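Undergrad: Right, I'll just put the structure down here and ask away after.
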Amino acid sequence: MAAPPTLALANVSKSFGAVRALRDVSIELFAGETHGLAGENGAGKSTLVKTLAGVHRPDSGQVLLGGEPVDFAGPADAQQAGVAVIYQEPTLFPDLSVAENIFMGRQPRRGLGRIDRKSMHARTRELFGRLGVALDPEQPSRGLSIADQQLVEIAKAISRDARVLIMDEPTAALSGHEVTRLFSVAEALREQGCALLFISHRLDEIFTLCQRVTTLRDGAWIASEPVDGLTHDDLIRRMVGREVATLFPKEEAAVGEVALKVERLTREGVFTDVSFEVRRGEIVALAGLVGAGRSEVARAVFGIDRWDAGSVTVDGATLPAGSPTAAMNAGLALVPEDRRQQGLVMDLSIERNIGLTGLRELRRGPTISRRAERDRARDWALRLQLKFARLADGVGVLSGGNQQKVVLAKWLATEPSVLIVDEPTRGIDVGTKAEVHRLLSELAGQGIAVLMISSELPEVLGMADRVLVMHEGRLAAEIPRAEATEESVMSAATGRAA
Amino acid sequence: MGGLSLMGRALRWDVLVASLLVAVFVAGSFTTPGFATTGNLSFALSDLGEIALIALAMTLLVVAAEVDLSVASVLGLSSALVGAMWEGGMAIETIIPLVVLVGAVCGLVNGLLVTRLGLPSLAVTIGTLALYRGLAYVVLGDKAIAQFPPGYVALAVDDVPGTPIPYPIALFILLAVIVGVVLHATGFGRSLYAIGAQEQVAFFAGIRVKRIKLLLFVVSGTVAAFAGVIFTLRYGSARADNGLGIELAVIAAVLLGGVDFDGGKGTLGGVIAGVLLIGLLRNLLMLGDVSTEIQSIVTGLLLIVSVLTPRLVSLIRPALKGTP
């Protein structure tokens, strides 16, 4: 290799609090080459992209531009240096024209500082010509498809003489022929000497488009290698290849009646024809990639969003669409994905938060009994081994793991027959994680039906009696415990189910 | 963490407002002759009746992170309707329930626009502020209707026998107790704080957010219409422009009382202190023959100060904690 890489990371580490998002990661992007980036959810791909784009500064290690160390103080610096990022969902100004978006802040001028529209439109046409796309420069951005918006973003990057183009899951929301068109644009840019970094969960696309691929796992660099000679299975193994062992053993529990029955549930444009059952004593995992529709199914089942077709039955009773209150009364509980936005009122105390799901049960006469409220909170705080100073303290002061315990307490206090947990161990420490796993296993043992959404494969494999795998809004596979392996789940999740 | 220091306690907003209330009272009695007399204070209370009543309903709304700016217009519409129906020869016993019902409908319209269409209440109720006031003029035009039955006027003006407390204020005290219990001791009250602080969390916890908000708007409209009846009888005059602009005094009182405009925070005790403070200041300005323009300036300043000061306090507080 004669020429130094256009952009590179050398031994970069980056931590957020206690979470080490990147550990000693290196990657080299060369002119005229498309580089793939592969890894599971949470492997550190986004952090890597943001480091290249100047959003994050590395804690240690270096960013190298043309072989020279650089220090991007912010995204503007990176942009100045010719690094452009195309995100999954572009953010154009909807009321401005395509050309105005491309030349935002750098409009060609003529006399008296007026914008020279004619030249702006001509230059936009020329850019689109280079990319081989047919868009009207004068058309407003509102109403453009996501695919077209991405092309506008790419044209904008080219107009700034971008030498490195990073595409962060650009195909997630595109249809088949849109992907083909994007690929031909990417190919054209590569031939013109751009360095491209391409991130996708669809491994096929990496094999189609890229010459080299780097794999990350748990924030660590695993491999950078030519795509030629690599198989899908090789790549999947690099992405997941951990020793699962018996990290999260679920104890055997007597499997009873069907508690939750979901039939042909459909929410248009989000998920389609999803059917499954969860029995008492069972833990069923809902696996899949981010954006496959797992949380969306959970939200609909619990009544947060309405479904368009299908039915949900809890203990034999059919639920109405779109009513969390009815779902709750029927014995359903949902521990949501986002603790801050959906799980806890951060300004309120531990006891008030736990009491929030029991405002009717805590009533003595017309008013709430503070003693009952406190008893309920203390009861569950002790059972879940919550670490707290006083129950009247705000939940905001607790650690992530303890906050998650408060959310669990809040829902377990309703004595549900079906518990849905969405990413129950995200962002919490290892010790608490194990406690949460033990708790879920215990709850199943007590005859609760547990539906667990998780992006962590070891958790899925260790905990679940059955694994349901979603791919692009549909159930792609149902894998019994005995046959569930990282490979079989990942294959189904990436749309390569046998 | 731990217990609040003495300084921290003093910086508790409702305590601060209550202290200010006492200070204004003391200052007023030294500087303004005729202020600290039973007669004047009773009058000041009476003059505060409508604002105080409406502030109760407004507190519930603002805690739930909504607001109703149309209250003064509902009051005006209510007054105009009372006048028109009275002139039309209807019995006051029939008029009052009808007018209150119209107020409930006004609130329902606000509530439906906010909860069903998802519009921001600030915008919706600015719209209905103009709309309802316009309707009041349609109903009554520029006319002023007077001469209501003395028995009813007495209920709006007189004191409860043996006390210096006017009947409307007695009603306020009764309702304040009820609202205080509802807000601070019932599941409904808990729901309001949760909705105001983090609406999604409340929704995820099975709280019927939309239904509750709708109810609050209906309550607000109902109370405003009833306040319109009291206002009309108290002044003995039904006019379409009655109560023009008092929504600002109401909101100033609520915010001054420490209710966060973003919802989720505040106590009824604070609001009552806020209402009384506004009442005393208005009374002092009136005794001092200060023009209505200046009164308006003072209300505006109070509104801004009450929104601004908590931010300043929250900036100062960590600094106080940091130093030994």
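In the structure tokens, each chain is lettered A, B, ... as it comes, each chain's residues begin at 1, and ligands are numbered from 1 in order of appearance.
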Would you tabulate, counting only C-alpha atoms, all residues of chain A that have an atom at most 6 Å from an atom of chain B, showing the closest pair of atoms and their distance in Å to one decimal, sorted by chain then ascending number, as a Markdown table?
TA:
| residue | atom | partner | partner_atom | distance |
| --- | --- | --- | --- | --- |
| A:Pro324 | CA | B:Gly206 | CA | 5.0 |
| A:Thr325 | CA | B:Gly206 | CA | 4.1 |
| A:Gln342 | CA | B:Val201 | CA | 4.3 |
| A:Gly343 | CA | B:Val201 | CA | 5.5 |
| A:Val345 | CA | B:Gln198 | CA | 5.8 |
| A:Thr357 | CA | B:Ala205 | CA | 5.4 |
| A:Leu359 | CA | B:Gly187 | CA | 4.9 |
| A:Thr367 | CA | B:Thr186 | CA | 4.4 |
| A:Ile368 | CA | B:Thr186 | CA | 5.0 |
Undergrad: Save the residues we just selected, C-alpha atoms, as a compact mmCIF listing (two decimals), in the first residue's frame?
TA:
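Result went into result.txt, see below:
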# COMPACT_ATOMS: atom_id res chain seq x y z
CA PRO A 324 -53.15 0.30 27.94
CA THR A 325 -55.71 0.58 30.73
CA GLN A 342 -41.66 5.67 29.27
CA GLY A 343 -40.76 3.91 32.47
CA VAL A 345 -41.25 9.95 36.19
CA THR A 357 -49.72 1.50 38.52
CA LEU A 359 -53.76 4.16 42.11
CA THR A 367 -57.99 9.18 49.05
CA ILE A 368 -54.74 7.31 48.57
Undergrad: If we count only C-alpha atoms, what is near segment 244-255 of chain B at a cut-off of 7 Å, once residues fewer than 2 positions away on the same chain are taken out, given as a CSV table (one decimal) with N, CA and C atoms, in the first residue's frame?
TA:
chain,number,residue,atom,x,y,z
B,51,ILE,N,-61.3,35.4,40.5
B,51,ILE,CA,-59.9,35.0,40.2
B,51,ILE,C,-59.5,33.8,41.0
B,54,ILE,N,-61.4,30.6,39.7
B,54,ILE,CA,-60.9,30.1,38.5
B,54,ILE,C,-59.5,29.5,38.6
B,55,ALA,N,-58.7,30.2,39.6
B,55,ALA,CA,-57.3,29.7,39.8
B,55,ALA,C,-57.3,28.3,40.3
B,59,THR,N,-55.1,25.6,38.4
B,59,THR,CA,-54.0,24.9,39.0
B,59,THR,C,-54.0,23.4,38.5
B,69,LEU,N,-56.6,29.6,28.5
B,69,LEU,CA,-56.6,31.1,28.5
B,69,LEU,C,-58.0,31.7,28.2
B,71,VAL,N,-60.6,31.4,29.9
B,71,VAL,CA,-61.5,31.5,31.1
B,71,VAL,C,-62.2,32.8,31.3
B,72,ALA,N,-61.5,33.9,31.0
B,72,ALA,CA,-62.1,35.2,31.2
B,72,ALA,C,-63.2,35.4,30.1
B,241,ASP,N,-68.2,42.6,28.1
B,241,ASP,CA,-66.8,42.8,28.4
B,241,ASP,C,-66.4,42.5,29.9
B,242,ASN,N,-67.3,41.9,30.6
B,242,ASN,CA,-67.0,41.7,32.0
B,242,ASN,C,-65.8,40.7,32.1
B,257,GLY,N,-47.7,31.1,42.6
B,257,GLY,CA,-47.9,30.1,43.6
B,257,GLY,C,-46.9,28.9,43.5
B,258,GLY,N,-46.1,29.0,42.5
B,258,GLY,CA,-45.1,27.9,42.4
B,258,GLY,C,-45.4,26.7,41.5
B,259,VAL,N,-46.5,26.8,40.7
B,259,VAL,CA,-46.9,25.8,39.8
B,259,VAL,C,-46.0,26.0,38.6
B,260,ASP,N,-45.3,24.9,38.1
B,260,ASP,CA,-44.4,25.0,37.0
B,260,ASP,C,-45.3,25.1,35.7
B,261,PHE,N,-45.0,26.0,34.9
B,261,PHE,CA,-45.8,26.1,33.6
B,261,PHE,C,-45.6,24.9,32.7
B,271,VAL,N,-50.5,28.1,45.5
B,271,VAL,CA,-51.4,28.9,44.7
B,271,VAL,C,-52.3,29.8,45.5
B,274,GLY,N,-50.4,32.6,46.3
B,274,GLY,CA,-50.2,33.5,45.1
B,274,GLY,C,-51.5,34.3,44.9
B,275,VAL,N,-52.6,33.7,45.0
B,275,VAL,CA,-53.9,34.4,44.8
B,275,VAL,C,-54.0,35.5,45.7
B,278,ILE,N,-51.7,38.4,44.9
B,278,ILE,CA,-52.2,39.2,43.8
B,278,ILE,C,-53.3,40.1,44.3
B,299,THR,N,-49.3,43.4,37.0
B,299,THR,CA,-49.7,42.0,36.7
B,299,THR,C,-48.7,41.3,35.8
B,302,LEU,N,-45.4,40.7,37.5
B,302,LEU,CA,-45.5,39.6,38.4
B,302,LEU,C,-45.4,38.3,37.6
B,303,LEU,N,-46.1,38.2,36.5
B,303,LEU,CA,-46.1,37.0,35.7
B,303,LEU,C,-44.7,36.6,35.3
B,306,SER,N,-42.6,35.6,38.3
B,306,SER,CA,-42.9,34.3,38.8
B,306,SER,C,-42.4,33.2,38.0
B,307,VAL,N,-42.2,33.5,36.7
B,307,VAL,CA,-41.6,32.4,35.8
B,307,VAL,C,-40.1,32.5,35.9
Undergrad: Restricting the calculation to only C-alpha atoms, which member of A:Gln79, A:Arg130, A:Asn101, A:Leu29 is positioned closest to Gly66 of chain A?
TA: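 When distances to Gly66 of chain A are compared using only C-alpha atoms, the smallest one comes from A:Leu29.
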Undergrad: Fewer than 6 positions away in the same chain doesn't count, so skip those; otherwise give me all residues within 10 Å of Cys106 of chain B, counting only C-alpha atoms, as a list in words.
TA: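 Neighbouring residues, sequence-local ones excluded: Ser70, Val71, Ser73, Val74, Leu77, Val100, Thr128, Tyr132, Phe217, Val218, Ser220, Gly221, Thr222, Ala224 and Ala225 of chain B.
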Undergrad: When you count only C-alpha atoms, which of these residues is closest to Ala38 of chain A: A:Ser184, A:Ser15, A:Thr215, A:Gln62?
TA: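 So, comparing all the options, the nearest one is A:Thr215.
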Undergrad: Taking only segment 27-141 of chain A into account, list the residues labelled alpha helix (DSSP H) by DSSP (computed from the backbone), as a PyMOL selection string.
TA: chain A and resi 45-52+75-80+98-102+117-131
Undergrad: Would you mind exporting the chosen residues as a CSV table (one decimal), in the first residue's frame, restricted to C-alpha atoms?
TA:
chain,number,residue,atom,x,y,z
A,45,LYS,CA,-20.6,0.7,15.2
A,46,SER,CA,-22.4,4.0,15.8
A,47,THR,CA,-19.7,5.2,18.2
A,48,LEU,CA,-17.1,4.4,15.5
A,49,VAL,CA,-19.0,6.4,12.9
A,50,LYS,CA,-19.5,9.3,15.3
A,51,THR,CA,-15.8,9.3,16.1
A,52,LEU,CA,-14.9,9.5,12.4
A,75,PRO,CA,-18.7,17.7,13.2
A,76,ALA,CA,-17.9,20.9,11.4
A,77,ASP,CA,-14.2,20.2,11.5
A,78,ALA,CA,-14.7,16.7,10.0
A,79,GLN,CA,-17.0,18.2,7.3
A,80,GLN,CA,-14.3,20.7,6.5
A,98,VAL,CA,-33.5,20.3,-3.5
A,99,ALA,CA,-30.9,22.8,-4.8
A,100,GLU,CA,-31.4,25.1,-1.8
A,101,ASN,CA,-30.8,22.2,0.5
A,102,ILE,CA,-27.6,21.2,-1.3
A,117,ARG,CA,-30.7,30.6,-8.7
A,118,LYS,CA,-29.8,29.9,-12.3
A,119,SER,CA,-26.2,28.9,-11.4
A,120,MET,CA,-27.4,27.0,-8.3
A,121,HIS,CA,-29.8,24.9,-10.4
A,122,ALA,CA,-27.2,24.3,-13.1
A,123,ARG,CA,-24.6,23.1,-10.6
A,124,THR,CA,-27.2,20.9,-8.9
A,125,ARG,CA,-28.1,19.4,-12.3
A,126,GLU,CA,-24.4,18.8,-12.9
A,127,LEU,CA,-24.0,17.0,-9.6
A,128,PHE,CA,-27.0,14.8,-10.3
A,129,GLY,CA,-25.5,14.0,-13.7
A,130,ARG,CA,-22.3,12.9,-12.0
A,131,LEU,CA,-24.3,10.6,-9.7
Undergrad: Which residues come within 8 Å of Val157 of chain B, counting only C-alpha atoms, excluding same-chain residues fewer than 4 positions away, as number ranges by chain?
TA: B: 46, 153, 166-168, 233-234
Undergrad: Any idea what's packed within 12 Å of Val223 of chain B, counting only C-alpha atoms, ignoring anything in its chain fewer than 6 positions away? Could you give it as a PyMOL selection string?
TA: chain B and resi 49-58+68+70-72+74-75+78+97+99-107+171-172+175+216-217+229-230
Undergrad: Create the file for the chosen residues now, containing C-alpha atoms and written as a CSV table (one decimal), in the first residue's frame.
TA:
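Output below, filename result04.csv:
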chain,number,residue,atom,x,y,z
B,49,GLY,CA,-63.5,35.9,44.3
B,50,GLU,CA,-63.7,35.1,40.6
B,51,ILE,CA,-59.9,35.0,40.2
B,52,ALA,CA,-59.5,32.8,43.2
B,53,LEU,CA,-62.2,30.3,42.0
B,54,ILE,CA,-60.9,30.1,38.5
B,55,ALA,CA,-57.3,29.7,39.8
B,56,LEU,CA,-58.4,26.4,41.5
B,57,ALA,CA,-59.3,24.8,38.2
B,58,MET,CA,-56.4,26.4,36.4
B,68,ASP,CA,-56.9,27.5,29.6
B,70,SER,CA,-60.3,31.3,27.5
B,71,VAL,CA,-61.5,31.5,31.1
B,72,ALA,CA,-62.1,35.2,31.2
B,74,VAL,CA,-66.2,32.2,29.2
B,75,LEU,CA,-66.8,34.4,32.2
B,78,SER,CA,-71.6,33.7,30.9
B,97,PRO,CA,-77.8,26.1,35.6
B,99,VAL,CA,-75.2,29.3,31.9
B,100,VAL,CA,-73.0,26.9,33.9
B,101,LEU,CA,-73.9,24.2,31.4
B,102,VAL,CA,-72.8,26.5,28.5
B,103,GLY,CA,-69.5,27.0,30.4
B,104,ALA,CA,-69.1,23.2,30.6
B,105,VAL,CA,-69.7,23.0,26.8
B,106,CYS,CA,-67.1,25.7,26.2
B,107,GLY,CA,-64.6,23.7,28.3
B,171,LEU,CA,-67.4,28.9,48.4
B,172,PHE,CA,-63.7,29.3,47.4
B,175,LEU,CA,-63.7,24.2,47.0
B,216,LEU,CA,-60.0,19.2,33.5
B,217,PHE,CA,-61.1,21.5,30.6
B,229,VAL,CA,-72.6,34.5,37.4
B,230,ILE,CA,-71.0,35.7,40.6
